[in-house]
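A.B. asks: The structure follows.
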Amino acid sequence: MHKLYVYLFSLLITFQIITFDNYGVSGHCNHRDVHYGVKKFLVNNPQRNIEGWELVSTNILRKYSGPVDIWLSNLYGMNGPGGVMHCLLNEQPKKSFFAMAQHSSQWVWFRKLFVSFSSYTYVNTLRKISIY
């Protein structure tokens with residue numbers, strides 16, 4: 001029971017930030033800048049009560065392999081290069097379509113294709129950001 005209390009207490013005092021990795025999924029400068037800004041914030045946080053997690057970018061073949069990438073992401077998460085990783089499966093990918101459709105200015109033909117074929121609609125790998 002003591003371990004449960006310690007665990008629950010740790011959830012109350014630890015915050016988490018999820019951002020892009022240093023490539024930014026698509027290489028977009030704004031995505032990359034967000035990564036560097038979050039990393040700088042984590043380094044300068046004296047309390048060390050904030051964890052940073054980054055969305056792992058994939059190569060173009062994996063990026064557009066849709067749900068096939070679920071297996072590759074799981075393998076990468078288990079055998080990937082250093083650090084703590086979590087592979088997150090989207091059990092309801094249709095919600096991604098409905099969410100994007102709410103932004104009519106963004107819901108153009110190429111984004112519809114992206115949401116349909118992008119592996120990020122189905123699975124995402126997060127890696128803990130190392131600040132040391």
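Residue numbering restarts at 1 for every chain of the structure tokens, chains are lettered A, B, ... in their displayed order, and ligands are numbered from 1 as they appear.
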Need to verify the contact set: A:Trp71, 12 Å, only C-alpha atoms, exclusion of same-chain residues closer than 5 positions in sequence. Can you return it as a ChimeraX atom specification?

C.D. replies: /A:62,65-66,76-78,87-89,119,122-125

A.B. asks: Which residues come within 9 Å of stretch 30-46 of chain A, counting only C-alpha atoms, excluding same-chain residues fewer than 2 positions away, as a ChimeraX atom specification?

C.D. replies: /A:17-28,48-52,54,129-132

A.B. asks: Please build the interface table for stretch 17-94 of chain A against stretch 107-116 of chain A with a cut-off of 10 Å, listing for each qualifying residue the nearest atom pair and the distance in Å to one decimal; count only C-alpha atoms, order rows by chain and increasing number, and write it as a Markdown table.

C.D. replies:
```
| residue | atom | partner | partner_atom | distance |
| --- | --- | --- | --- | --- |
| A:Lys63 | CA | A:Phe114 | CA | 9.4 |
| A:Tyr64 | CA | A:Phe114 | CA | 7.7 |
| A:Ser65 | CA | A:Ser116 | CA | 9.9 |
| A:Gly66 | CA | A:Ser116 | CA | 7.2 |
| A:Pro67 | CA | A:Ser116 | CA | 9.6 |
| A:Pro93 | CA | A:Val115 | CA | 9.0 |
| A:Lys94 | CA | A:Ser116 | CA | 9.4 |
```

A.B. asks: From stretch 3-109 of chain A, collect each residue whose DSSP state is helix (DSSP H, G or I) and return the set as a count of residues only.

C.D. replies: 57
